[in-house]
>>> print(open('structure01.txt').read())   # compact mmCIF, C-alpha atoms
# COMPACT_ATOMS: atom_id res chain seq x y z
CA MET A 977 163.19 329.09 -72.38
CA ILE A 978 166.06 329.70 -69.97
CA GLU A 979 164.78 327.62 -67.04
CA PRO A 980 165.33 324.14 -68.58
CA SER A 981 169.02 324.90 -69.19
CA LEU A 982 169.58 326.07 -65.59
CA LYS A 983 168.12 323.07 -63.73
CA PRO A 984 170.69 320.49 -64.91
CA ALA A 985 173.51 322.84 -63.93
CA GLU A 986 172.13 323.29 -60.43
CA ALA A 987 171.70 319.54 -60.02
CA ALA A 988 175.30 318.93 -61.06
CA VAL A 989 176.69 321.25 -58.36
CA THR A 990 175.01 319.55 -55.40
CA PRO A 991 176.86 316.17 -55.48
CA ALA A 992 180.20 317.99 -55.79
CA LYS A 993 179.52 319.85 -52.57
CA LYS A 994 178.58 316.61 -50.79
CA GLU A 995 181.77 314.91 -51.99
CA GLU A 996 183.85 317.85 -50.84
CA GLY A 997 182.19 317.73 -47.40
CA TRP A 998 182.99 314.03 -46.96
CA TRP A 999 186.62 314.58 -48.02
CA GLU A 1000 187.02 317.42 -45.50
CA THR A 1001 185.74 315.13 -42.74
CA ILE A 1002 188.17 312.38 -43.72
CA LYS A 1003 191.07 314.86 -43.77
CA VAL A 1004 190.21 316.10 -40.29
CA ILE A 1005 190.13 312.52 -38.96
CA ILE A 1006 193.49 311.72 -40.58
CA GLU A 1007 195.05 314.91 -39.22
CA ALA A 1008 193.74 314.14 -35.72
CA LEU A 1009 195.17 310.62 -35.87
CA LEU A 1010 198.55 311.93 -37.03
CA ILE A 1011 198.64 314.50 -34.23
CA ALA A 1012 197.75 311.81 -31.68
CA LEU A 1013 200.48 309.55 -33.07
CA VAL A 1014 203.09 312.32 -32.87
CA VAL A 1015 202.08 313.24 -29.31
CA ARG A 1016 202.21 309.61 -28.16
CA THR A 1017 205.49 308.89 -29.96
CA VAL A 1018 207.39 312.07 -29.14
CA LEU A 1019 205.78 313.90 -26.21
CA PHE A 1020 203.50 312.08 -23.76
CA GLN A 1021 202.20 308.57 -23.22
CA PRO A 1022 199.44 307.53 -20.80
CA PHE A 1023 200.00 304.72 -18.31
CA ASN A 1024 197.92 303.27 -15.50
CA ILE A 1025 199.15 301.89 -12.18
CA PRO A 1026 198.29 298.19 -11.78
CA SER A 1027 200.18 297.42 -8.53
CA GLY A 1028 200.89 298.97 -5.16
CA SER A 1029 204.70 299.10 -5.33
CA LEU A 1030 204.75 302.92 -5.28
CA VAL A 1031 202.17 303.40 -2.54
CA PRO A 1032 201.74 305.99 -1.01
CA THR A 1033 202.96 308.13 -3.94
CA LEU A 1034 200.96 306.31 -6.62
CA LEU A 1035 197.87 304.20 -5.98
CA VAL A 1036 196.37 301.32 -7.92
CA GLY A 1037 193.88 302.96 -10.29
CA ASP A 1038 195.93 306.09 -10.96
CA TYR A 1039 196.30 307.10 -14.61
CA LEU A 1040 199.23 309.33 -15.46
CA PHE A 1041 201.07 311.01 -18.29
CA VAL A 1042 204.73 310.17 -18.86
CA SER A 1043 206.97 312.67 -20.67
CA LYS A 1044 208.88 310.72 -23.31
CA TYR A 1045 211.19 313.63 -24.13
CA ALA A 1046 212.56 313.89 -20.57
CA TYR A 1047 215.54 311.57 -21.18
CA GLY A 1048 215.67 311.55 -24.98
CA TYR A 1049 214.60 308.62 -27.11
CA SER A 1050 215.59 305.00 -27.59
CA HIS A 1051 213.85 302.24 -29.52
CA PHE A 1052 212.08 301.36 -26.27
CA SER A 1053 210.35 304.76 -26.45
CA LEU A 1054 208.65 303.87 -29.71
CA PRO A 1055 205.20 302.25 -29.91
CA SER A 1056 205.56 298.55 -30.68
CA PHE A 1057 204.20 298.90 -34.22
CA LEU A 1058 206.95 301.42 -35.02
CA ASP A 1059 209.76 299.52 -33.29
CA LEU A 1060 210.31 297.20 -36.24
CA ASP A 1061 214.12 297.13 -36.20
CA PRO A 1062 215.54 297.69 -32.68
CA GLN A 1063 219.13 297.28 -33.89
CA ALA A 1064 218.70 300.29 -36.16
CA MET A 1065 218.41 302.61 -33.12
CA PRO A 1066 220.97 301.65 -30.46
CA GLY A 1067 221.39 303.83 -27.38
CA ARG A 1068 219.52 307.13 -27.07
CA ILE A 1069 219.21 310.33 -29.08
CA PHE A 1070 218.77 313.77 -27.49
CA ALA A 1071 219.79 312.03 -24.26
CA SER A 1072 219.37 313.69 -20.85
CA GLU A 1073 220.22 311.76 -17.70
CA PRO A 1074 217.60 311.22 -14.99
CA LYS A 1075 217.91 312.74 -11.54
CA ARG A 1076 217.83 310.86 -8.26
CA GLY A 1077 214.23 310.73 -7.06
CA ASP A 1078 212.60 310.77 -10.50
CA ILE A 1079 209.75 308.31 -10.98
CA ILE A 1080 210.35 306.54 -14.27
CA VAL A 1081 208.57 304.12 -16.57
CA PHE A 1082 211.00 301.66 -18.15
CA LYS A 1083 211.12 298.33 -19.94
CA LEU A 1084 212.01 295.41 -17.69
CA PRO A 1085 215.62 294.49 -18.56
CA SER A 1086 215.01 290.74 -18.36
CA ASP A 1087 212.46 290.68 -21.20
CA GLY A 1088 212.61 294.13 -22.82
CA GLN A 1089 208.80 294.18 -23.09
CA THR A 1090 207.12 294.61 -19.71
CA ASP A 1091 206.51 298.18 -18.52
CA TYR A 1092 207.61 298.90 -14.93
CA ILE A 1093 207.46 302.10 -12.91
CA LYS A 1094 209.82 302.83 -9.99
CA ARG A 1095 211.78 305.64 -8.36
CA VAL A 1096 215.43 306.25 -9.20
CA ILE A 1097 217.47 305.71 -6.04
CA GLY A 1098 220.95 304.92 -7.36
CA LEU A 1099 222.86 306.64 -10.16
CA PRO A 1100 225.77 305.10 -12.11
CA GLY A 1101 228.67 304.40 -9.74
CA ASP A 1102 226.58 304.68 -6.55
CA LYS A 1103 226.74 302.11 -3.78
CA ILE A 1104 223.30 301.24 -2.42
CA GLN A 1105 222.43 299.20 0.65
CA VAL A 1106 219.47 298.67 2.99
CA GLN A 1107 220.17 297.84 6.63
CA HIS A 1108 217.32 297.27 9.12
CA GLY A 1109 214.97 299.14 6.82
CA ARG A 1110 217.23 302.16 6.48
CA LEU A 1111 218.52 303.22 3.07
CA PHE A 1112 222.24 303.92 2.64
CA ILE A 1113 223.70 305.67 -0.42
CA ASN A 1114 227.48 305.69 -0.75
CA GLY A 1115 227.83 304.76 2.90
CA GLU A 1116 225.62 307.59 4.17
CA GLU A 1117 222.31 306.88 5.85
CA VAL A 1118 219.41 308.59 4.09
CA PRO A 1119 217.43 310.60 6.67
CA ARG A 1120 213.79 309.80 7.22
CA GLU A 1121 211.16 311.35 9.47
CA PRO A 1122 208.20 309.40 10.92
CA ILE A 1123 204.81 310.80 9.92
CA ALA A 1124 201.22 309.61 10.36
CA PRO A 1125 200.60 305.93 9.48
CA PHE A 1126 199.19 305.19 6.05
CA LEU A 1127 196.06 303.08 5.61
CA THR A 1128 196.86 300.35 3.08
CA VAL A 1129 196.74 296.55 2.78
CA ASN A 1130 199.26 293.90 3.82
CA HIS A 1131 200.56 290.92 1.84
CA PHE A 1132 197.24 289.13 2.44
CA ASN A 1133 195.22 292.09 1.15
CA LYS A 1134 193.99 292.88 4.65
CA PRO A 1135 193.63 296.54 5.75
CA MET A 1136 196.39 297.86 7.99
CA GLU A 1137 198.03 301.07 9.13
CA ALA A 1138 201.58 300.94 7.80
CA PRO A 1139 204.47 302.93 9.29
CA GLN A 1140 205.07 305.92 7.03
CA TYR A 1141 208.14 308.13 6.69
CA LEU A 1142 209.25 311.24 4.85
CA GLU A 1143 212.57 310.33 3.24
CA THR A 1144 215.06 312.93 1.96
CA LEU A 1145 217.38 311.73 -0.77
CA PRO A 1146 220.79 313.26 -1.52
CA GLY A 1147 220.08 316.32 -3.62
CA GLY A 1148 217.02 317.28 -1.58
CA VAL A 1149 214.16 315.27 -3.12
CA GLN A 1150 211.65 314.40 -0.40
CA HIS A 1151 209.09 311.64 -0.80
CA LYS A 1152 206.95 309.37 1.35
CA ILE A 1153 207.62 305.68 1.90
CA ILE A 1154 205.80 302.97 3.83
CA GLN A 1155 207.08 299.73 5.39
CA ILE A 1156 204.29 297.24 5.92
CA ASP A 1157 206.74 294.78 7.57
CA GLY A 1158 208.47 297.38 9.72
CA ASP A 1159 212.28 297.53 9.53
CA GLU A 1160 212.88 293.79 9.23
CA GLY A 1161 211.12 292.83 6.02
CA THR A 1162 212.45 290.47 3.35
CA PHE A 1163 214.51 293.14 1.58
CA ASP A 1164 215.26 295.33 4.59
CA ASN A 1165 218.77 293.88 4.97
CA THR A 1166 220.73 293.65 1.74
CA LYS A 1167 224.23 293.45 0.38
CA VAL A 1168 225.97 296.50 -1.06
CA TYR A 1169 224.92 297.07 -4.68
CA GLU A 1170 227.37 298.97 -6.89
CA VAL A 1171 225.49 300.48 -9.82
CA PRO A 1172 227.31 299.82 -13.13
CA PRO A 1173 228.06 302.64 -15.61
CA GLY A 1174 225.06 303.50 -17.77
CA HIS A 1175 222.61 301.84 -15.36
CA TYR A 1176 220.23 302.90 -12.58
CA PHE A 1177 219.03 301.40 -9.31
CA MET A 1178 215.24 301.50 -8.89
CA MET A 1179 213.11 301.05 -5.78
CA GLY A 1180 209.42 301.29 -4.90
CA ASP A 1181 208.11 303.59 -2.18
CA ASN A 1182 206.20 300.63 -0.73
CA ARG A 1183 209.51 299.20 0.44
CA ASP A 1184 208.27 295.81 1.64
CA ASN A 1185 205.99 295.20 -1.34
CA SER A 1186 208.10 296.10 -4.37
CA SER A 1187 209.93 293.91 -6.85
CA ASP A 1188 212.80 296.23 -7.75
CA SER A 1189 216.58 296.49 -8.17
CA ARG A 1190 217.20 294.79 -4.83
CA LEU A 1191 216.44 291.52 -6.60
CA ALA A 1192 218.19 290.43 -9.79
CA GLY A 1193 216.23 289.96 -12.99
CA ASP A 1194 216.90 286.22 -13.12
CA GLN A 1195 215.41 285.93 -9.63
CA GLY A 1196 212.15 287.66 -10.53
CA GLY A 1197 213.25 291.19 -9.73
CA VAL A 1198 214.36 294.17 -11.80
CA GLY A 1199 218.11 294.33 -11.32
CA TYR A 1200 220.07 297.29 -12.67
CA VAL A 1201 218.18 299.19 -15.38
CA PRO A 1202 220.12 300.30 -18.49
CA PHE A 1203 219.73 303.91 -19.60
CA GLU A 1204 218.46 302.64 -22.94
CA ASN A 1205 215.44 300.98 -21.27
CA LEU A 1206 213.98 304.22 -19.89
CA ILE A 1207 210.71 305.29 -21.52
CA GLY A 1208 209.96 308.52 -19.69
CA ARG A 1209 209.33 310.41 -16.47
CA ALA A 1210 205.98 310.34 -14.66
CA GLU A 1211 204.59 313.88 -14.64
CA VAL A 1212 200.93 314.22 -13.65
CA ILE A 1213 197.93 312.11 -12.62
CA PHE A 1214 195.13 312.85 -15.10
CA PHE A 1215 192.60 310.36 -13.72
CA SER A 1216 192.24 308.17 -10.63
CA ILE A 1217 189.62 305.63 -9.63
CA ASP A 1218 189.21 303.24 -6.71
CA GLU A 1219 191.06 299.95 -6.99
CA GLY A 1220 188.94 297.22 -8.55
CA THR A 1221 186.57 299.66 -10.26
CA PRO A 1222 186.63 299.59 -14.10
CA ALA A 1223 187.19 303.08 -15.49
CA TRP A 1224 184.53 302.52 -18.17
CA GLU A 1225 181.74 302.28 -15.57
CA VAL A 1226 181.06 306.01 -15.80
CA TRP A 1227 177.80 305.77 -13.84
CA ARG A 1228 179.88 304.97 -10.73
CA TRP A 1229 182.32 307.87 -11.14
CA PRO A 1230 180.68 310.24 -8.64
CA TRP A 1231 181.51 307.76 -5.87
CA THR A 1232 184.58 305.91 -7.16
CA VAL A 1233 186.71 308.59 -8.82
CA ARG A 1234 189.41 310.01 -6.53
CA TRP A 1235 188.72 313.60 -7.51
CA SER A 1236 191.37 315.05 -5.20
CA ARG A 1237 194.15 313.18 -7.03
CA ILE A 1238 193.32 314.42 -10.51
CA PHE A 1239 195.95 316.82 -11.90
CA GLN A 1240 198.36 316.12 -9.04
CA ARG A 1241 202.01 316.34 -9.99
CA VAL A 1242 203.96 313.12 -9.49
CA ARG A 1243 206.83 313.64 -7.04
>>> encode(input="structure01.txt", output="structure tokens")
Amino acid sequence: MIEPSLKPAEAAVTPAKKEEGWWETIKVIIEALLIALVVRTVLFQPFNIPSGSLVPTLLVGDYLFVSKYAYGYSHFSLPSFLDLDPQAMPGRIFASEPKRGDIIVFKLPSDGQTDYIKRVIGLPGDKIQVQHGRLFINGEEVPREPIAPFLTVNHFNKPMEAPQYLETLPGGVQHKIIQIDGDEGTFDNTKVYEVPPGHYFMMGDNRDNSSDSRLAGDQGGVGYVPFENLIGRAEVIFFSIDEGTPAWEVWRWPWTVRWSRIFQRVR
């Protein structure tokens, strides 16, 4: 007599448990998406290197994390779908100024949309000049030391051994540069650039193959970069694959991934 009254009750409990299980799954997915959004908006953003302007420091096919908190936040730091009203967030909040030698991702001043990555060479008020391939900051020649040539490609994408140097910037930051045209390339003899207040002078480490602050924005270069345009500082390479190899071709990874570059700090 008792059994018939128990069976409907048991049947009623089962769908409730299934509904609860689906809702828990949905909540986990939503929470994961929110965490990913917060991390990308506030902490780190991934970028990949599409050109050779920072060779030998960064290679085409490197994937790296950029710390968005390093210099504070401007509307340029926001993902495009959140940057709905740029005028509502002028300047930067929680601002911290970059140091000479930092490698920075920024929005190209001429269009405010294209992502560029270069090294900070000149700070506000600095005078920058290149003479016969040698960098001068505030009238002082920046020391460089010849090291072993670097195997790269020239302007015609032909393999070559480029002269390579270890350059020491004021403040002590050391980094490698190459000059595929020697000391008399197109931008190896420049005028004196005086960096305006609130702006920065950027250069690539591949000195003869870098569109940077040596050329004005209206001439196809970068020009001086406003503090507001900075997105973040390059921190670490999390993945690297040979140039021309799609990252999604996982079956080729054993031979095409540059394993030795993974988890290298960017300096």
>>> closest_residue(input="structure01.txt", among="A:Phe1023, A:Phe1126, A:Trp998, A:Trp1231", to="Phe1082 in chain A", atoms="all atoms listed in the file")
A:Phe1023
>>> atom_distance(input="structure01.txt", atom1="CA of Leu1030 in chain A", atom2="CA of Ser1187 in chain A")
10.5 Å
>>> closest_residue(input="structure01.txt", among="A:Gly1037, A:Asp1194, A:Gly1109, A:Met1178", to="Gly1158 in chain A", atoms="all atoms listed in the file")
A:Gly1109
>>> closest_residue(input="structure01.txt", among="A:Asn1182, A:Asn1133, A:Gln1140, A:Thr1166", to="Arg1095 in chain A", atoms="all atoms listed in the file")
A:Asn1182
>>> residues_around(input="structure01.txt", residues="Val1198 in chain A", least_positions_apart="5", cutoff="12 Å", atoms="all atoms listed in the file", output="list in words")
Phe1082, Lys1083, Leu1084, Pro1085, Ser1086, Asp1087, Gly1088, Thr1090, Asp1091, Tyr1092, Ile1093, Lys1094, His1175, Tyr1176, Phe1177, Met1178, Met1179, Gly1180, Ser1186, Ser1187, Asp1188, Ser1189, Arg1190, Leu1191, Ala1192, Gly1193 and Asn1205 of chain A
>>> closest_residue(input="structure01.txt", among="A:Ile1069, A:Ile1217, A:Ile1097, A:Pro1173", to="Trp1229 in chain A", atoms="all atoms listed in the file")
A:Ile1217
>>> closest_residue(input="structure01.txt", among="A:Ser1029, A:Thr1221, A:Ser1072, A:Asn1185", to="Phe1132 in chain A", atoms="only C-alpha atoms")
A:Asn1185
>>> closest_residue(input="structure01.txt", among="A:Gly1098, A:Gly1147, A:Pro1230, A:Pro1125", to="Val1201 in chain A", atoms="only C-alpha atoms")
A:Gly1098
>>> residues_around(input="structure01.txt", residues="His1131 in chain A", least_positions_apart="2", cutoff="10 Å", atoms="only C-alpha atoms", output="list in words")
Val1129, Asn1133, Lys1134, Pro1135, Ile1156, Asp1157, Asp1184 and Asn1185 of chain A
>>> write_last_selection(input="structure01.txt", atoms="C-alpha atoms", output="short mmCIF file (atom, residue, chain, number, x, y, z; two decimals), in the frame of the given file")
data_model
loop_
_atom_site.label_atom_id
_atom_site.label_comp_id
_atom_site.auth_asym_id
_atom_site.auth_seq_id
_atom_site.Cartn_x
_atom_site.Cartn_y
_atom_site.Cartn_z
CA VAL A 1129 196.74 296.55 2.78
CA ASN A 1133 195.22 292.09 1.15
CA LYS A 1134 193.99 292.88 4.65
CA PRO A 1135 193.63 296.54 5.75
CA ILE A 1156 204.29 297.24 5.92
CA ASP A 1157 206.74 294.78 7.57
CA ASP A 1184 208.27 295.81 1.64
CA ASN A 1185 205.99 295.20 -1.34
#
>>> axis_aligned_box(input="structure01.txt", around="range 1123-1139 of chain A", padding_each_side="3 Å", output="lines of an AutoDock Vina configuration file")
center_x = 199.2
center_y = 300.0
center_z = 5.8
size_x = 17.2
size_y = 27.7
size_z = 15.2
>>> atom_distance(input="structure01.txt", atom1="CA of Leu1206 in chain A", atom2="CA of His1051 in chain A")
9.8 Å
>>> residues_around(input="structure01.txt", residues="Asp1218 in chain A", least_positions_apart="3", cutoff="12 Å", atoms="only C-alpha atoms", output="list of chain:residue names")
A:Ile1025, A:Pro1026, A:Leu1035, A:Val1036, A:Gly1037, A:Asp1038, A:Tyr1039, A:Phe1215, A:Thr1221, A:Pro1222, A:Ala1223, A:Glu1225, A:Arg1228, A:Trp1229, A:Pro1230, A:Trp1231, A:Thr1232, A:Val1233, A:Arg1234, A:Trp1235, A:Arg1237
